[in-house]
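*Asks:* Following this line is protein.json, made up of JSON, C-alpha atoms:
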[["chain", "number", "residue", "atom", "x", "y", "z"],
["A", 10, "GLY", "CA", -4.56, -6.55, 19.65],
["A", 11, "GLY", "CA", -5.32, -7.79, 16.20],
["A", 12, "TRP", "CA", -8.72, -8.48, 14.73],
["A", 13, "GLY", "CA", -10.14, -10.04, 17.87],
["A", 14, "VAL", "CA", -10.23, -6.96, 20.12],
["A", 15, "TRP", "CA", -11.64, -3.95, 18.32],
["A", 16, "ASN", "CA", -13.04, -1.78, 21.09],
["A", 17, "GLY", "CA", -10.90, 1.28, 20.52],
["A", 18, "MET", "CA", -11.91, 4.85, 21.14],
["A", 19, "THR", "CA", -12.05, 5.70, 17.43],
["A", 20, "LYS", "CA", -11.96, 3.43, 14.40],
["A", 21, "LYS", "CA", -10.55, 4.91, 11.20],
["A", 22, "ALA", "CA", -9.48, 3.44, 7.87],
["A", 23, "VAL", "CA", -7.76, 4.49, 4.65],
["A", 24, "LEU", "CA", -8.70, 2.13, 1.81],
["A", 25, "VAL", "CA", -6.90, 2.32, -1.54],
["A", 26, "GLY", "CA", -7.88, 0.59, -4.79],
["A", 27, "CYS", "CA", -5.83, 1.11, -7.96],
["A", 28, "ASN", "CA", -7.15, -0.31, -11.25],
["A", 29, "TYR", "CA", -4.85, 1.90, -13.41],
["A", 30, "PRO", "CA", -7.54, 2.33, -16.11],
["A", 31, "GLY", "CA", -6.31, 2.77, -19.66],
["A", 32, "SER", "CA", -2.67, 2.05, -18.82],
["A", 33, "GLN", "CA", -0.27, -0.83, -19.40],
["A", 34, "ALA", "CA", -0.74, -1.68, -15.73],
["A", 35, "GLU", "CA", -4.54, -2.01, -15.84],
["A", 36, "LEU", "CA", -6.18, -4.35, -13.33],
["A", 37, "ALA", "CA", -9.82, -5.26, -12.88],
["A", 38, "GLY", "CA", -10.60, -6.01, -9.25],
["A", 39, "CYS", "CA", -8.70, -3.64, -6.98],
["A", 40, "VAL", "CA", -11.38, -0.98, -6.64],
["A", 41, "ASN", "CA", -13.85, -3.74, -5.77],
["A", 42, "ASP", "CA", -11.41, -4.89, -3.10],
["A", 43, "ALA", "CA", -11.46, -1.46, -1.44],
["A", 44, "PHE", "CA", -15.24, -1.44, -1.26],
["A", 45, "MET", "CA", -15.27, -5.05, -0.07],
["A", 46, "ILE", "CA", -13.04, -4.10, 2.86],
["A", 47, "LYS", "CA", -15.19, -1.03, 3.55],
["A", 48, "SER", "CA", -18.32, -3.19, 3.73],
["A", 49, "PHE", "CA", -16.59, -5.62, 6.04],
["A", 50, "LEU", "CA", -15.42, -2.86, 8.39],
["A", 51, "THR", "CA", -18.81, -1.17, 8.58],
["A", 52, "GLU", "CA", -20.94, -4.32, 8.76],
["A", 53, "TYR", "CA", -18.79, -6.45, 11.07],
["A", 54, "LYS", "CA", -16.32, -4.22, 12.89],
["A", 55, "GLY", "CA", -18.30, -1.14, 13.85],
["A", 56, "PHE", "CA", -16.60, 1.41, 11.63],
["A", 57, "SER", "CA", -18.53, 4.50, 10.56],
["A", 58, "ASP", "CA", -18.66, 5.56, 6.90],
["A", 59, "ASP", "CA", -17.53, 9.02, 7.98],
["A", 60, "ASP", "CA", -14.30, 7.60, 9.39],
["A", 61, "ILE", "CA", -13.34, 5.65, 6.27],
["A", 62, "THR", "CA", -11.38, 7.38, 3.52],
["A", 63, "VAL", "CA", -11.60, 5.65, 0.12],
["A", 64, "LEU", "CA", -9.16, 6.47, -2.68],
["A", 65, "ILE", "CA", -9.91, 4.91, -6.09],
["A", 66, "ASP", "CA", -9.03, 5.70, -9.70],
["A", 67, "THR", "CA", -12.25, 4.70, -11.52],
["A", 68, "ASP", "CA", -14.60, 7.40, -10.24],
["A", 69, "ASP", "CA", -13.73, 11.11, -10.23],
["A", 70, "SER", "CA", -16.06, 11.73, -7.32],
["A", 71, "TYR", "CA", -13.50, 10.01, -5.10],
["A", 72, "THR", "CA", -10.00, 11.18, -4.25],
["A", 73, "SER", "CA", -7.51, 9.72, -6.73],
["A", 74, "PRO", "CA", -4.98, 7.29, -5.21],
["A", 75, "THR", "CA", -1.88, 9.16, -6.33],
["A", 76, "GLY", "CA", 1.30, 8.80, -4.35],
["A", 77, "GLY", "CA", 0.83, 12.24, -2.83],
["A", 78, "ASN", "CA", -2.81, 11.64, -1.91],
["A", 79, "ILE", "CA", -2.10, 8.25, -0.34],
["A", 80, "LYS", "CA", 0.67, 9.71, 1.82],
["A", 81, "SER", "CA", -1.55, 12.64, 2.81],
["A", 82, "ALA", "CA", -4.52, 10.47, 3.82],
["A", 83, "LEU", "CA", -2.34, 8.00, 5.73],
["A", 84, "THR", "CA", -0.42, 10.81, 7.46],
["A", 85, "THR", "CA", -3.64, 12.47, 8.60],
["A", 86, "MET", "CA", -4.99, 9.22, 10.04],
["A", 87, "CYS", "CA", -1.76, 8.27, 11.81],
["A", 88, "SER", "CA", -0.80, 11.71, 13.13],
["A", 89, "GLU", "CA", -4.25, 12.32, 14.63],
["A", 90, "SER", "CA", -4.42, 8.94, 16.37],
["A", 91, "GLN", "CA", -4.98, 8.67, 20.12],
["A", 92, "PRO", "CA", -4.33, 5.79, 22.54],
["A", 93, "GLY", "CA", -7.01, 3.14, 22.14],
["A", 94, "ASP", "CA", -7.75, 3.98, 18.51],
["A", 95, "VAL", "CA", -8.07, 1.30, 15.85],
["A", 96, "LEU", "CA", -6.54, 2.12, 12.44],
["A", 97, "VAL", "CA", -6.63, 0.17, 9.19],
["A", 98, "PHE", "CA", -4.68, 0.87, 6.02],
["A", 99, "HIS", "CA", -5.58, -1.24, 2.98],
["A", 100, "PHE", "CA", -3.85, -1.13, -0.40],
["A", 101, "SER", "CA", -4.97, -3.15, -3.39],
["A", 102, "GLY", "CA", -3.01, -2.73, -6.61],
["A", 103, "HIS", "CA", 0.40, -3.39, -8.09],
["A", 104, "GLY", "CA", 3.62, -3.88, -6.19],
["A", 105, "THR", "CA", 7.06, -3.67, -7.74],
["A", 106, "GLN", "CA", 10.75, -3.60, -6.87],
["A", 107, "VAL", "CA", 13.25, -0.83, -7.51],
["A", 108, "ALA", "CA", 17.00, -1.32, -7.52],
["A", 109, "SER", "CA", 18.21, 0.08, -4.20],
["A", 110, "ASP", "CA", 20.96, 2.62, -3.76],
["A", 111, "GLY", "CA", 24.33, 1.95, -2.20],
["A", 112, "ASP", "CA", 23.21, 2.90, 1.31],
["A", 113, "ASP", "CA", 20.17, 0.67, 1.31],
["A", 114, "GLN", "CA", 19.79, -2.04, 3.96],
["A", 115, "GLU", "CA", 17.87, -4.49, 1.77],
["A", 116, "ASP", "CA", 19.60, -7.86, 1.50],
["A", 117, "ASP", "CA", 18.53, -8.34, -2.12],
["A", 118, "HIS", "CA", 19.49, -4.78, -3.14],
["A", 119, "LYS", "CA", 15.89, -4.06, -4.11],
["A", 120, "ASP", "CA", 13.36, -1.79, -2.46],
["A", 121, "GLU", "CA", 9.79, -3.08, -2.28],
["A", 122, "ALA", "CA", 7.31, -0.47, -3.46],
["A", 123, "ILE", "CA", 3.58, -0.08, -3.91],
["A", 124, "CYS", "CA", 2.39, 1.52, -7.14],
["A", 125, "PRO", "CA", -0.09, 4.39, -6.78],
["A", 126, "THR", "CA", -2.22, 5.13, -9.82],
["A", 127, "ASP", "CA", 0.22, 7.82, -11.02],
["A", 128, "MET", "CA", 3.27, 5.57, -10.47],
["A", 129, "ASN", "CA", 4.68, 7.94, -7.85],
["A", 130, "LEU", "CA", 6.13, 4.92, -6.06],
["A", 131, "LEU", "CA", 6.01, 4.54, -2.28],
["A", 132, "VAL", "CA", 8.63, 2.35, -0.64],
["A", 133, "ASP", "CA", 8.79, 0.72, 2.77],
["A", 134, "ASP", "CA", 10.61, 3.70, 4.29],
["A", 135, "ASP", "CA", 7.82, 6.07, 3.19],
["A", 136, "LEU", "CA", 5.25, 3.96, 5.01],
["A", 137, "LYS", "CA", 7.41, 3.40, 8.09],
["A", 138, "GLU", "CA", 8.04, 7.13, 8.45],
["A", 139, "ILE", "CA", 4.30, 7.86, 8.34],
["A", 140, "VAL", "CA", 3.33, 5.00, 10.64],
["A", 141, "SER", "CA", 5.92, 6.16, 13.18],
["A", 142, "GLN", "CA", 3.56, 9.06, 13.95],
["A", 143, "ILE", "CA", 1.02, 6.67, 15.49],
["A", 144, "SER", "CA", 0.42, 7.25, 19.18],
["A", 145, "ASP", "CA", 1.29, 4.63, 21.77],
["A", 146, "GLY", "CA", -1.52, 2.20, 22.45],
["A", 147, "VAL", "CA", -2.97, 2.28, 18.93],
["A", 148, "ASP", "CA", -4.03, -0.91, 17.11],
["A", 149, "PHE", "CA", -2.79, -0.54, 13.53],
["A", 150, "THR", "CA", -3.40, -3.09, 10.79],
["A", 151, "PHE", "CA", -1.93, -2.91, 7.28],
["A", 152, "ILE", "CA", -3.60, -5.09, 4.63],
["A", 153, "SER", "CA", -1.59, -5.07, 1.42],
["A", 154, "ASP", "CA", -2.96, -7.01, -1.52],
["A", 155, "CYS", "CA", -0.09, -6.75, -3.99],
["A", 156, "CYS", "CA", 3.27, -8.32, -4.75],
["A", 157, "HIS", "CA", 6.46, -7.50, -2.83],
["A", 158, "SER", "CA", 4.57, -6.15, 0.15],
["A", 159, "GLY", "CA", 5.16, -8.79, 2.81],
["A", 160, "SER", "CA", 8.15, -6.92, 4.27],
["A", 161, "MET", "CA", 6.94, -3.36, 3.62],
["A", 162, "LEU", "CA", 6.75, -2.78, 7.37],
["A", 163, "ASP", "CA", 9.91, -4.58, 8.50],
["A", 164, "HIS", "CA", 10.17, -6.06, 12.00],
["A", 165, "SER", "CA", 6.42, -6.45, 12.18],
["A", 166, "GLU", "CA", 4.29, -9.55, 12.18],
["A", 167, "VAL", "CA", 3.31, -10.78, 8.73],
["A", 168, "GLN", "CA", 0.07, -12.74, 8.73],
["A", 169, "ILE", "CA", -0.29, -13.47, 5.01],
["A", 170, "ASP", "CA", 2.70, -13.32, 2.73],
["A", 171, "GLY", "CA", 3.11, -14.17, -0.93],
["A", 172, "PRO", "CA", 6.36, -15.10, -2.69],
["A", 173, "LYS", "CA", 8.72, -12.15, -2.72],
["A", 174, "ALA", "CA", 9.76, -12.86, -6.29],
["A", 175, "GLY", "CA", 6.21, -12.36, -7.50],
["A", 176, "GLY", "CA", 4.82, -14.84, -9.95],
["A", 177, "THR", "CA", 1.67, -15.74, -11.74],
["A", 178, "GLY", "CA", -1.91, -15.11, -10.81],
["A", 179, "HIS", "CA", -2.02, -18.60, -9.32],
["A", 180, "HIS", "CA", -0.42, -17.10, -6.21],
["A", 181, "LEU", "CA", -3.29, -14.67, -5.74],
["A", 182, "PRO", "CA", -5.77, -15.51, -3.02],
["A", 183, "GLU", "CA", -9.36, -15.22, -4.10],
["A", 184, "PRO", "CA", -11.27, -12.36, -2.48],
["A", 185, "SER", "CA", -13.18, -14.99, -0.51],
["A", 186, "SER", "CA", -9.90, -16.04, 1.12],
["A", 187, "LEU", "CA", -9.27, -12.50, 2.31],
["A", 188, "ILE", "CA", -12.80, -12.19, 3.67],
["A", 189, "SER", "CA", -12.36, -15.51, 5.47],
["A", 190, "PHE", "CA", -9.09, -14.27, 6.99],
["A", 191, "LEU", "CA", -10.87, -11.15, 8.18],
["A", 192, "GLY", "CA", -13.57, -13.18, 9.85],
["A", 193, "GLY", "CA", -16.48, -12.69, 7.49],
["A", 194, "SER", "CA", -18.11, -14.67, 4.74],
["A", 195, "ARG", "CA", -19.25, -13.81, 1.25],
["A", 196, "ASP", "CA", -20.21, -15.59, -1.94],
["A", 197, "ILE", "CA", -17.85, -14.54, -4.69],
["A", 198, "ASP", "CA", -18.85, -14.14, -8.31],
["A", 199, "PRO", "CA", -16.06, -15.65, -10.46],
["A", 200, "GLU", "CA", -16.29, -12.58, -12.69],
["A", 201, "GLU", "CA", -15.14, -10.46, -9.76],
["A", 202, "ILE", "CA", -11.91, -12.39, -9.34],
["A", 203, "GLY", "CA", -9.25, -10.76, -11.49],
["A", 204, "ILE", "CA", -6.72, -13.56, -11.78],
["A", 205, "LYS", "CA", -3.89, -11.39, -12.99],
["A", 206, "SER", "CA", -0.50, -10.92, -11.42],
["A", 207, "ARG", "CA", -0.24, -7.88, -9.21],
["A", 208, "GLU", "CA", 3.50, -7.77, -9.69],
["A", 209, "LEU", "CA", 4.33, -4.86, -11.97],
["A", 210, "LYS", "CA", 7.58, -5.53, -13.79],
["A", 211, "PRO", "CA", 10.10, -2.67, -13.60],
["A", 212, "ASP", "CA", 10.13, -2.32, -17.40],
["A", 213, "ILE", "CA", 6.43, -1.46, -17.41],
["A", 214, "VAL", "CA", 6.94, 1.04, -14.60],
["A", 215, "ALA", "CA", 9.76, 2.57, -16.67],
["A", 216, "ASN", "CA", 7.57, 2.73, -19.79],
["A", 217, "ILE", "CA", 4.80, 4.56, -17.94],
["A", 218, "LEU", "CA", 7.28, 7.00, -16.41],
["A", 219, "SER", "CA", 8.81, 7.54, -19.86],
["A", 220, "GLN", "CA", 5.43, 8.70, -21.14],
["A", 221, "LYS", "CA", 5.11, 11.15, -18.24],
["A", 222, "LEU", "CA", 8.63, 12.49, -18.59],
["A", 223, "GLY", "CA", 8.67, 12.70, -22.38],
["A", 224, "ARG", "CA", 11.91, 10.78, -22.72],
["A", 225, "THR", "CA", 13.07, 7.22, -22.28],
["A", 226, "VAL", "CA", 13.39, 5.99, -18.72],
["A", 227, "GLY", "CA", 15.28, 2.73, -18.25],
["A", 228, "THR", "CA", 14.68, 0.35, -15.37],
["A", 229, "ARG", "CA", 17.84, 1.63, -13.69],
["A", 230, "ASP", "CA", 16.64, 5.22, -14.13],
["A", 231, "ILE", "CA", 13.36, 4.81, -12.24],
["A", 232, "ARG", "CA", 14.72, 6.42, -9.07],
["A", 233, "ARG", "CA", 16.16, 9.49, -10.73],
["A", 234, "SER", "CA", 13.05, 10.03, -12.87],
["A", 235, "LEU", "CA", 10.61, 10.39, -9.97],
["A", 236, "GLY", "CA", 11.91, 13.78, -8.77],
["A", 237, "PRO", "CA", 11.60, 15.54, -12.14],
["A", 238, "ILE", "CA", 8.12, 14.07, -12.69],
["A", 239, "PHE", "CA", 6.51, 14.43, -9.26],
["A", 240, "GLY", "CA", 8.56, 17.18, -7.62],
["A", 241, "PRO", "CA", 8.03, 17.57, -3.85],
["A", 242, "GLU", "CA", 5.52, 14.70, -3.82],
["A", 243, "ALA", "CA", 8.14, 12.17, -4.94],
["A", 244, "SER", "CA", 9.45, 9.77, -2.33],
["A", 245, "LYS", "CA", 12.45, 11.31, -0.62],
["A", 246, "PHE", "CA", 13.71, 7.79, -0.02],
["A", 247, "LEU", "CA", 13.79, 7.06, -3.76],
["A", 248, "SER", "CA", 15.28, 10.38, -4.83],
["A", 249, "ILE", "CA", 18.83, 10.63, -6.09],
["A", 250, "LEU", "CA", 21.05, 13.36, -4.60],
["A", 251, "GLY", "CA", 18.04, 15.25, -3.33],
["A", 252, "ILE", "CA", 16.29, 15.78, -6.68],
["A", 253, "GLY", "CA", 13.23, 13.93, -5.47],
["A", 254, "GLY", "CA", 10.99, 14.84, -2.59],
["A", 255, "SER", "CA", 11.80, 17.66, -0.21],
["A", 256, "GLY", "CA", 13.62, 17.07, 3.03],
["A", 257, "GLY", "CA", 16.64, 15.09, 1.89],
["A", 258, "THR", "CA", 16.95, 11.43, 2.61],
["A", 259, "GLY", "CA", 15.81, 11.61, 6.23],
["A", 260, "ASP", "CA", 16.10, 8.90, 8.82],
["A", 261, "ALA", "CA", 13.90, 5.89, 8.23],
["A", 262, "VAL", "CA", 12.19, 4.29, 11.14],
["A", 263, "SER", "CA", 13.94, 1.00, 11.68],
["A", 264, "SER", "CA", 11.21, -0.67, 13.64],
["A", 265, "LEU", "CA", 7.51, -0.27, 14.26],
["A", 266, "ILE", "CA", 7.98, -1.97, 17.59],
["A", 267, "GLY", "CA", 9.61, 1.18, 18.89],
["A", 268, "ALA", "CA", 7.00, 3.35, 17.24],
["A", 269, "LEU", "CA", 4.18, 1.45, 18.88],
["A", 270, "ALA", "CA", 5.91, 0.78, 22.20],
["A", 271, "GLY", "CA", 3.77, 1.42, 25.18],
["A", 272, "GLY", "CA", 0.96, -1.09, 24.88],
["A", 273, "GLY", "CA", -0.18, -0.89, 21.29],
["A", 274, "ALA", "CA", -0.51, -4.03, 19.29],
["A", 275, "PRO", "CA", 2.26, -4.53, 16.73],
["A", 276, "ALA", "CA", 1.34, -3.65, 13.19],
["A", 277, "GLU", "CA", 0.17, -6.60, 11.18],
["A", 278, "PRO", "CA", 0.98, -6.29, 7.51],
["A", 279, "SER", "CA", -0.71, -8.87, 5.37],
["A", 280, "SER", "CA", 0.06, -9.43, 1.75],
["A", 281, "GLY", "CA", -2.17, -11.13, -0.75],
["A", 282, "GLY", "CA", 0.68, -12.34, -2.93],
["A", 283, "GLY", "CA", 0.96, -11.68, -6.64]]
Show me the file's structure as structure tokens.
*Replies:*
Amino acid sequence: GGWGVWNGMTKKAVLVGCNYPGSQAELAGCVNDAFMIKSFLTEYKGFSDDDITVLIDTDDSYTSPTGGNIKSALTTMCSESQPGDVLVFHFSGHGTQVASDGDDQEDDHKDEAICPTDMNLLVDDDLKEIVSQISDGVDFTFISDCCHSGSMLDHSEVQIDGPKAGGTGHHLPEPSSLISFLGGSRDIDPEEIGIKSRELKPDIVANILSQKLGRTVGTRDIRRSLGPIFGPEASKFLSILGIGGSGGTGDAVSSLIGALAGGGAPAEPSSGGG
């Protein structure tokens, strides 16, 4: 499995770039990252443009990378997979942490989350539930270029991992490092490298949610604010007492090893720190 053997029946990718334009969370290079990965997949790995779904927030002609749209695109790709397929999910944007509830299994009492452009947060359990739909014998790779993402798919091999506590932009790999990891090469314009932390502090997440909700949301209120704002599209794993997404709390998939048992390569999350 992995990057070395890519001769699957079908090759599909969902590539997400969130620049959060005009918000407190604004970044500069994440949309470029998505297109960089797309170029790599089509030029070096035999992917077809028609089998790559790109979600970005800087061009209305593309699907917006909202929480609901990301889950929908990823669900479609995973649920339609067949043995021998090669799947790639790439997310470039902010990561954050949300105080976990009393039943959570996280040792540090925080849930790692990726931040879609609308701040409809997706936590590790959201991704694990979707990825559990992958057929046996599928090669799935998750490339996550944001903070707090190294353990998003627990019990899976982590190839590149940044410090869990986040930090400054100095922890960010340059895009050239990612291309090198993927097996390609590219000259990088320094202007393209947005050296800015991709850790989104909970207080900024709370401020953005406050604007959406029309009342103050504190950092400890992030969970209970998502249901009223996003309704059925809110993460059911972040909802409080069922006021979030539909379907209750559900049973999280504890391990991708079981989900991919039967010959598929283990998922390979990779995090670009910061």
*Asks:* Would you work out the distance separating CA of Thr19 in chain A from CA of Lys137 in chain A, expressed in Å to one decimal?
*Replies:*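 According to the coordinates, CA of Thr19 in chain A and CA of Lys137 in chain A are separated by 21.7 Å.
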*Asks:* Residues near Ile123 in chain A, anyone? I mean within 10 Å using all atoms listed in the file, not counting same-chain ones fewer than 2 positions away, as JSON, numbers by chain.
*Replies:* {"A": [76, 100, 101, 102, 103, 104, 105, 106, 121, 125, 126, 128, 129, 130, 131, 132, 133, 136, 153, 154, 155, 156, 157, 158, 161, 208, 209]}
*Asks:* Out of A:Ile143, A:Cys124, A:Ile213, A:Val95, which residue has the shortest atom-to-atom distance to Met18 in chain A when counting all atoms listed in the file?
*Replies:*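 For Met18 in chain A, the nearest of the given residues is A:Val95.
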*Asks:* If I take CA of Lys47 in chain A and CA of Asp66 in chain A, how far is one from the other in Å, to one decimal?
*Replies:*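 A separation of 16.1 Å between them.
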*Asks:* At a cut-off of 9 Å, using all atoms listed in the file, what residues contact Phe98 in chain A? Leave out same-chain residues fewer than 6 positions from it and give the result as an mmCIF file with C-alpha atoms, keeping the file's coordinate frame.
*Replies:*
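This is the output file out21.cif:
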data_model
loop_
_atom_site.group_PDB
_atom_site.id
_atom_site.type_symbol
_atom_site.label_atom_id
_atom_site.label_comp_id
_atom_site.auth_asym_id
_atom_site.auth_seq_id
_atom_site.Cartn_x
_atom_site.Cartn_y
_atom_site.Cartn_z
ATOM 1 C CA LYS A 21 -10.550 4.910 11.200
ATOM 2 C CA ALA A 22 -9.480 3.440 7.870
ATOM 3 C CA VAL A 23 -7.760 4.490 4.650
ATOM 4 C CA LEU A 24 -8.700 2.130 1.810
ATOM 5 C CA VAL A 25 -6.900 2.320 -1.540
ATOM 6 C CA LEU A 83 -2.340 8.000 5.730
ATOM 7 C CA PHE A 149 -2.790 -0.540 13.530
ATOM 8 C CA THR A 150 -3.400 -3.090 10.790
ATOM 9 C CA PHE A 151 -1.930 -2.910 7.280
ATOM 10 C CA ILE A 152 -3.600 -5.090 4.630
ATOM 11 C CA SER A 153 -1.590 -5.070 1.420
#
*Asks:* Just to confirm, what's the straight-line distance from CA of Gly236 in chain A to CA of Ser81 in chain A in Å (one decimal)?
*Replies:* 17.8 Å
*Asks:* Restore N, CA and C atoms in range 210-221 of chain A and list the result as a short mmCIF file (atom, residue, chain, number, x, y, z; two decimals), in the coordinates of the input.
*Replies:*
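result_34.cif, written as the output of this step:
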data_model
loop_
_atom_site.label_atom_id
_atom_site.label_comp_id
_atom_site.auth_asym_id
_atom_site.auth_seq_id
_atom_site.Cartn_x
_atom_site.Cartn_y
_atom_site.Cartn_z
N LYS A 210 6.17 -5.43 -13.41
CA LYS A 210 7.58 -5.53 -13.79
C LYS A 210 8.20 -4.13 -13.93
N PRO A 211 9.45 -3.98 -13.53
CA PRO A 211 10.10 -2.67 -13.60
C PRO A 211 10.09 -2.06 -15.01
N ASP A 212 10.12 -2.90 -16.06
CA ASP A 212 10.13 -2.32 -17.40
C ASP A 212 8.81 -1.63 -17.73
N ILE A 213 7.71 -2.13 -17.17
CA ILE A 213 6.43 -1.46 -17.41
C ILE A 213 6.36 -0.17 -16.62
N VAL A 214 6.86 -0.20 -15.37
CA VAL A 214 6.94 1.04 -14.60
C VAL A 214 7.75 2.08 -15.37
N ALA A 215 8.89 1.65 -15.92
CA ALA A 215 9.76 2.57 -16.67
C ALA A 215 9.05 3.12 -17.90
N ASN A 216 8.30 2.27 -18.61
CA ASN A 216 7.57 2.73 -19.79
C ASN A 216 6.55 3.80 -19.43
N ILE A 217 5.81 3.58 -18.35
CA ILE A 217 4.80 4.56 -17.94
C ILE A 217 5.46 5.87 -17.53
N LEU A 218 6.57 5.79 -16.81
CA LEU A 218 7.28 7.00 -16.41
C LEU A 218 7.88 7.71 -17.63
N SER A 219 8.28 6.94 -18.63
CA SER A 219 8.81 7.54 -19.86
C SER A 219 7.76 8.43 -20.52
N GLN A 220 6.52 7.93 -20.54
CA GLN A 220 5.43 8.70 -21.14
C GLN A 220 5.19 10.00 -20.37
N LYS A 221 5.32 9.95 -19.06
CA LYS A 221 5.11 11.15 -18.24
C LYS A 221 6.24 12.15 -18.41
#
